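Source file: my_file28.txt. Holds: compact mmCIF, C-alpha atoms.
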# COMPACT_ATOMS: atom_id res chain seq x y z
CA MET A 1 -28.69 42.28 24.33
CA SER A 2 -31.48 44.82 24.46
CA THR A 3 -28.92 47.62 24.43
CA SER A 4 -27.22 46.30 21.31
CA SER A 5 -30.47 45.83 19.42
CA ALA A 6 -31.55 49.33 20.50
CA MET A 7 -28.41 50.60 18.80
CA LYS A 8 -29.49 49.07 15.47
CA THR A 9 -31.76 50.65 12.94
CA PRO A 10 -35.14 48.93 12.54
CA LEU A 11 -34.06 47.70 9.09
CA LYS A 12 -30.89 46.15 10.51
CA GLN A 13 -32.90 44.43 13.24
CA VAL A 14 -35.48 42.98 10.93
CA ARG A 15 -32.82 41.64 8.57
CA GLY A 16 -31.26 39.83 11.54
CA LEU A 17 -28.05 39.09 9.66
CA GLY A 18 -25.59 39.84 12.48
CA SER A 19 -21.86 40.36 12.13
CA ALA A 20 -21.43 37.81 9.33
CA ARG A 21 -23.54 40.13 7.15
CA SER A 22 -25.23 37.19 5.52
CA GLY A 23 -27.82 34.71 6.65
CA THR A 24 -28.50 31.14 5.68
CA GLU A 25 -28.41 31.51 1.87
CA HIS A 26 -25.23 29.45 1.54
CA PHE A 27 -26.59 26.68 3.77
CA TRP A 28 -29.81 26.58 1.81
CA ARG A 29 -28.20 26.92 -1.64
CA GLN A 30 -25.77 24.13 -0.82
CA ARG A 31 -28.70 21.79 -0.10
CA LEU A 32 -30.70 22.95 -3.10
CA THR A 33 -27.80 22.30 -5.49
CA ALA A 34 -27.02 19.01 -3.69
CA LEU A 35 -30.60 17.89 -4.32
CA ALA A 36 -30.41 18.97 -7.97
CA ASN A 37 -27.05 17.26 -8.40
CA ILE A 38 -28.51 13.80 -7.73
CA PRO A 39 -30.83 13.58 -10.79
CA LEU A 40 -28.42 15.71 -12.87
CA THR A 41 -25.54 13.30 -12.15
CA ILE A 42 -27.75 10.39 -13.21
CA GLY A 43 -28.67 12.34 -16.36
CA PHE A 44 -25.02 13.14 -17.08
CA LEU A 45 -24.11 9.46 -16.63
CA CYS A 46 -26.80 8.56 -19.20
CA VAL A 47 -25.22 11.01 -21.68
CA VAL A 48 -21.75 9.53 -21.02
CA TYR A 49 -23.09 5.97 -21.45
CA ALA A 50 -24.58 6.99 -24.81
CA THR A 51 -21.11 8.09 -26.01
CA LEU A 52 -19.26 4.94 -24.85
CA GLY A 53 -17.67 2.95 -27.66
CA LYS A 54 -18.65 5.55 -30.27
CA ASP A 55 -16.14 7.21 -32.59
CA ALA A 56 -15.33 10.88 -31.93
CA GLU A 57 -17.72 12.28 -34.57
CA THR A 58 -20.71 10.21 -33.36
CA ALA A 59 -19.94 10.99 -29.70
CA ARG A 60 -19.80 14.71 -30.49
CA ALA A 61 -23.16 14.49 -32.25
CA ILE A 62 -24.63 12.84 -29.14
CA LEU A 63 -23.30 15.60 -26.84
CA ALA A 64 -24.71 18.18 -29.28
CA ARG A 65 -28.30 16.84 -29.14
CA PRO A 66 -30.44 19.56 -27.48
CA PHE A 67 -31.61 17.51 -24.49
CA ASP A 68 -28.16 16.02 -23.83
CA ALA A 69 -26.53 19.47 -24.06
CA PHE A 70 -29.20 20.87 -21.73
CA ILE A 71 -28.55 18.13 -19.14
CA ILE A 72 -24.77 18.68 -19.31
CA ALA A 73 -25.20 22.45 -18.91
CA LEU A 74 -27.50 22.07 -15.87
CA PHE A 75 -25.15 19.46 -14.36
CA VAL A 76 -22.22 21.88 -14.74
CA ILE A 77 -24.06 24.95 -13.42
CA SER A 78 -25.52 23.21 -10.36
CA GLY A 79 -22.18 21.46 -9.80
CA VAL A 80 -19.99 24.58 -9.88
CA ILE A 81 -22.31 26.53 -7.55
CA HIS A 82 -22.20 23.59 -5.12
CA MET A 83 -18.42 23.19 -5.33
CA LYS A 84 -17.82 26.95 -4.98
CA ILE A 85 -19.75 27.06 -1.70
CA GLY A 86 -18.16 23.80 -0.52
CA MET A 87 -14.63 25.03 -1.17
CA GLN A 88 -15.47 28.34 0.54
CA VAL A 89 -16.42 26.40 3.70
CA ILE A 90 -13.12 24.49 3.56
CA ILE A 91 -11.14 27.73 3.08
CA GLU A 92 -12.96 29.42 5.96
CA ASP A 93 -12.28 26.38 8.17
CA TYR A 94 -8.58 25.97 7.50
CA ILE A 95 -7.13 29.28 6.28
CA HIS A 96 -7.02 31.73 9.17
CA GLY A 97 -4.79 34.56 7.95
CA GLU A 98 -7.07 37.38 6.86
CA GLY A 99 -5.05 38.22 3.72
CA SER A 100 -4.51 34.66 2.53
CA LYS A 101 -8.15 33.85 3.26
CA ILE A 102 -9.38 36.70 1.08
CA ILE A 103 -7.02 35.68 -1.74
CA ALA A 104 -8.12 32.03 -1.49
CA LEU A 105 -11.79 33.03 -1.50
CA ALA A 106 -11.26 35.23 -4.55
CA LEU A 107 -9.37 32.48 -6.41
CA ASN A 108 -12.13 30.03 -5.50
CA THR A 109 -14.79 32.30 -7.00
CA LEU A 110 -12.72 33.00 -10.12
CA PHE A 111 -11.91 29.32 -10.66
CA SER A 112 -15.52 28.23 -10.21
CA ILE A 113 -16.81 30.83 -12.67
CA ALA A 114 -14.04 30.07 -15.18
CA ALA A 115 -14.57 26.29 -15.02
CA GLY A 116 -18.34 26.64 -15.24
CA ALA A 117 -18.18 29.15 -18.10
CA ALA A 118 -15.69 27.00 -20.04
CA CYS A 119 -17.96 23.93 -19.80
CA VAL A 120 -21.16 25.81 -20.64
CA PHE A 121 -19.49 27.66 -23.52
CA ALA A 122 -18.23 24.33 -24.94
CA VAL A 123 -21.69 22.75 -24.66
CA LEU A 124 -23.35 25.73 -26.32
CA LYS A 125 -20.79 25.68 -29.13
CA LEU A 126 -21.43 21.95 -29.61
CA THR A 127 -25.18 22.22 -29.69
CA PHE A 128 -25.44 25.39 -31.78
CA GLY A 129 -22.77 24.08 -34.13
CA ALA A 130 -19.82 25.52 -36.08
CA MET B 131 -2.24 40.39 23.36
CA ALA B 132 1.17 39.06 24.36
CA ASP B 133 -0.48 36.15 26.18
CA VAL B 134 -2.39 34.88 23.17
CA LYS B 135 -0.15 31.84 22.69
CA SER B 136 -0.43 30.64 26.29
CA ARG B 137 -4.20 30.46 26.25
CA PRO B 138 -5.52 26.92 26.72
CA LEU B 139 -6.51 25.15 23.50
CA SER B 140 -9.62 23.07 23.16
CA PRO B 141 -9.03 19.52 21.89
CA HIS B 142 -8.74 19.53 18.11
CA LEU B 143 -8.48 17.20 15.14
CA SER B 144 -5.12 15.61 15.91
CA ILE B 145 -6.03 14.87 19.54
CA TYR B 146 -8.98 12.56 18.92
CA LYS B 147 -8.65 8.87 18.04
CA PRO B 148 -9.98 8.47 14.49
CA THR B 149 -13.45 6.96 14.28
CA ILE B 150 -15.32 5.72 11.22
CA THR B 151 -17.82 8.61 11.35
CA MET B 152 -15.02 11.16 11.64
CA THR B 153 -13.08 9.49 8.81
CA MET B 154 -16.18 9.50 6.60
CA SER B 155 -16.65 13.22 7.28
CA ILE B 156 -13.05 13.87 6.21
CA VAL B 157 -13.46 11.64 3.14
CA HIS B 158 -16.57 13.65 2.20
CA ARG B 159 -14.40 16.78 2.10
CA ILE B 160 -11.58 15.04 0.25
CA THR B 161 -13.93 13.66 -2.43
CA GLY B 162 -15.41 17.16 -2.70
CA ILE B 163 -11.92 18.59 -3.32
CA GLY B 164 -11.26 15.81 -5.84
CA LEU B 165 -14.46 16.63 -7.73
CA TYR B 166 -13.49 20.31 -7.64
CA ALA B 167 -10.22 19.46 -9.40
CA GLY B 168 -12.09 17.05 -11.67
CA THR B 169 -14.07 19.98 -13.10
CA VAL B 170 -10.91 20.87 -15.04
CA LEU B 171 -11.02 17.43 -16.70
CA LEU B 172 -14.72 17.84 -17.47
CA ALA B 173 -13.96 21.24 -19.03
CA ILE B 174 -11.10 19.76 -21.09
CA TRP B 175 -13.39 16.93 -22.28
CA LEU B 176 -16.16 19.33 -23.31
CA ILE B 177 -13.85 21.92 -24.90
CA ALA B 178 -12.14 19.15 -26.90
CA ALA B 179 -15.56 17.98 -28.07
CA ALA B 180 -16.46 21.53 -29.06
CA SER B 181 -13.11 22.02 -30.84
CA GLY B 182 -13.56 19.19 -33.33
CA ALA B 183 -13.44 15.45 -33.97
CA GLN B 184 -9.65 15.30 -33.96
CA ALA B 185 -9.22 17.06 -30.60
CA PHE B 186 -12.02 14.97 -29.10
CA ALA B 187 -10.46 11.72 -30.39
CA THR B 188 -7.17 12.69 -28.69
CA VAL B 189 -8.85 13.29 -25.32
CA GLN B 190 -11.00 10.16 -25.70
CA SER B 191 -7.90 8.05 -26.37
CA PHE B 192 -6.25 9.47 -23.24
CA ILE B 193 -9.34 8.57 -21.19
CA ALA B 194 -9.21 5.05 -22.67
CA SER B 195 -5.53 4.67 -21.65
CA PRO B 196 -4.73 2.90 -18.34
CA LEU B 197 -3.96 6.22 -16.58
CA GLY B 198 -7.09 7.83 -18.00
CA ARG B 199 -9.23 4.92 -16.82
CA ILE B 200 -7.72 5.08 -13.32
CA ILE B 201 -8.50 8.82 -13.13
CA LEU B 202 -12.05 8.24 -14.41
CA LEU B 203 -12.54 5.36 -11.97
CA GLY B 204 -11.41 7.63 -9.12
CA TYR B 205 -13.73 10.39 -10.36
CA THR B 206 -16.64 7.92 -10.51
CA TRP B 207 -16.01 6.72 -6.97
CA ALA B 208 -15.56 10.29 -5.69
CA ILE B 209 -18.86 11.50 -7.17
CA ILE B 210 -20.82 8.45 -5.92
CA HIS B 211 -19.25 8.60 -2.46
CA HIS B 212 -19.91 12.34 -2.24
CA ALA B 213 -23.50 11.84 -3.44
CA LEU B 214 -24.17 9.14 -0.84
CA GLY B 215 -22.50 11.33 1.80
CA GLY B 216 -24.81 14.13 0.70
CA ILE B 217 -27.87 11.90 1.12
CA ARG B 218 -26.58 11.10 4.63
CA HIS B 219 -26.43 14.86 5.28
CA PHE B 220 -30.06 15.17 4.11
CA ILE B 221 -31.03 12.46 6.62
CA TRP B 222 -29.18 14.38 9.35
CA ASP B 223 -30.92 17.61 8.29
CA THR B 224 -34.25 16.03 9.27
CA GLY B 225 -32.82 15.34 12.74
CA ALA B 226 -32.68 11.58 12.14
CA GLY B 227 -29.65 9.30 11.96
CA LEU B 228 -27.60 11.01 14.66
CA GLY B 229 -27.77 8.18 17.21
CA PRO B 230 -25.75 4.93 17.20
CA GLU B 231 -27.15 4.22 13.71
CA ARG B 232 -24.71 6.78 12.33
CA MET B 233 -22.10 3.98 12.33
CA MET B 234 -24.33 1.95 10.06
CA LEU B 235 -24.92 4.99 7.82
CA ALA B 236 -21.16 5.54 7.54
CA ARG B 237 -20.55 1.91 6.58
CA LEU B 238 -23.44 1.99 4.09
CA THR B 239 -21.94 5.09 2.45
CA LEU B 240 -18.54 3.46 2.03
CA ILE B 241 -19.76 0.02 0.94
CA GLY B 242 -22.51 1.55 -1.21
CA SER B 243 -20.04 3.83 -3.00
CA LEU B 244 -17.75 0.89 -3.85
CA VAL B 245 -20.62 -1.36 -4.99
CA ILE B 246 -22.27 1.35 -7.12
CA THR B 247 -18.92 2.38 -8.67
CA VAL B 248 -18.13 -1.21 -9.68
CA GLY B 249 -21.72 -1.62 -10.93
CA LEU B 250 -21.54 1.55 -13.06
CA TRP B 251 -18.27 0.42 -14.64
CA LEU B 252 -19.51 -3.12 -15.33
CA PHE B 253 -22.61 -1.55 -16.92
CA GLY B 254 -20.34 0.73 -18.95
CA TYR B 255 -18.32 -2.21 -20.26
CA ALA B 256 -21.56 -4.07 -21.04
CA VAL B 257 -23.18 -1.27 -23.10
CA ARG B 258 -20.16 0.05 -24.99

I need this file expressed as structure tokens, please.
Amino acid sequence: MSTSSAMKTPLKQVRGLGSARSGTEHFWRQRLTALANIPLTIGFLCVVYATLGKDAETARAILARPFDAFIIALFVISGVIHMKIGMQVIIEDYIHGEGSKIIALALNTLFSIAAGAACVFAVLKLTFGA
Amino acid sequence: MADVKSRPLSPHLSIYKPTITMTMSIVHRITGIGLYAGTVLLAIWLIAAASGAQAFATVQSFIASPLGRIILLGYTWAIIHHALGGIRHFIWDTGAGLGPERMMLARLTLIGSLVITVGLWLFGYAVR
């Protein structure tokens, strides 16, 4: 133990990240987004309830209201960060081949960014109009 | 390296008899995967809304169809179940809830998710 830490530079030791090269950010971020997702899901449900039974034009106008659009955007952003980390854990648990794992992790990141960007872009288009 | 396959294996998933806590843990993952896929539907819904009234009306009428309602009901249950499972994880993070009461927590998550889902839908039908 002492030998291996003597082999490390002081910077490496103080970072204390070990062979995984990352610390507890994912653990912490997963809980932070989980916490945010609870009120944001309730907020999103309120937006959805407001659109129920409305014709398409009225429902679109509701989604375009600044506060409603803001809630949807936050719900999407917090949600996709949470689901990206969650799927990464599942991939790391069940996919053991190094190549297929890297491909799955890359696809997970790309999908999460694409899905999140599509939703946020749509909300921005709705709220800023035309 | 040639002996890798003959190394003893520790007991794994398929060896244990399923328990309610283990099943709930698996369901938490499955609902998470379901919500992951559901993001595509959320994106379609929002992009249709951004595209125009006609596109949005088409997607809305699909959601109102029997298949659309079944998918939305499943999505509702998945998000509520996953949220309650997440709250359970927060309780565990404090160090509490890991004793015999975890059985009760697992049952509460399942029953709570069903009750809240039905409640949300009844409320939806009432306010529409």

Could you tell me which residues of chain A sit within 10 Å of chain B when counting all atoms listed in the file, and give me the result as a ChimeraX atom specification?
/A:31,34-35,37-38,41,45,48-61,63-64,72,76,79-80,82-84,86-87,89-90,111-112,114-127,129-130

Which is closer to Glu25 (chain A) than all the others in A:Ile95, A:Ile85, A:Leu110, A:Val47, using all atoms listed in the file?
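For Glu25 (chain A), the nearest of the given residues is A:Ile85.
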
One decimal, Å: what's the distance from CA of Leu235 (chain B) over to CA of His158 (chain B), could you say?
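Going from CA of Leu235 (chain B) over to CA of His158 (chain B), I get 13.3 Å.
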
Around region 43-61 of chain A, fit a box with edges along x, y and z, padding it by 4 Å on each side, then list its centre and edge lengths in Å to one decimal as JSON.
{"center_x": -22.0, "center_y": 8.8, "center_z": -25.5, "size_x": 21.3, "size_y": 19.8, "size_z": 26.2}

I'd like to know which of A:Tyr94, A:Ile103, A:Ile62, A:Gln88 is closest to Phe27 (chain A), using all atoms listed in the file.
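The shortest atom-to-atom distance to Phe27 (chain A) comes from A:Gln88.
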
List every protein, DNA or RNA residue that has at least one atom no more than 7 Å from (-12.8, 11.7, -5.4) in the file's coordinates, counting all atoms listed in the file, and write the result as a list of chain:residue names.
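Residues close enough to count: B:Ile160, B:Thr161, B:Gly162, B:Gly164, B:Leu165, B:Gly204, B:Tyr205, B:Trp207, B:Ala208, B:Ile209.
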
Choose the residue, out of B:Pro138, B:Pro148, B:Pro230, B:Gly168, that has the smallest atom-to-atom separation from Leu203 (chain B); count only C-alpha atoms.
B:Gly168

Closest to Thr153 (chain B) among B:Gly215, B:Gly227, B:Gly249, B:Gly242, using all atoms listed in the file?
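Nearest to Thr153 (chain B): B:Gly215.
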
Report, in Å with one decimal, the straight-line distance from CA of Ala36 (chain A) to CA of Asn108 (chain A).
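Those two atoms sit 21.5 Å apart.
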
Of B:Lys147, B:Arg237, B:His142, B:Arg199, the one sitting nearest Trp251 (chain B) when using only C-alpha atoms is B:Arg199

Atomic separation - CA of Arg29 (chain A) relative to CA of Thr109 (chain A), Å
15.4 Å
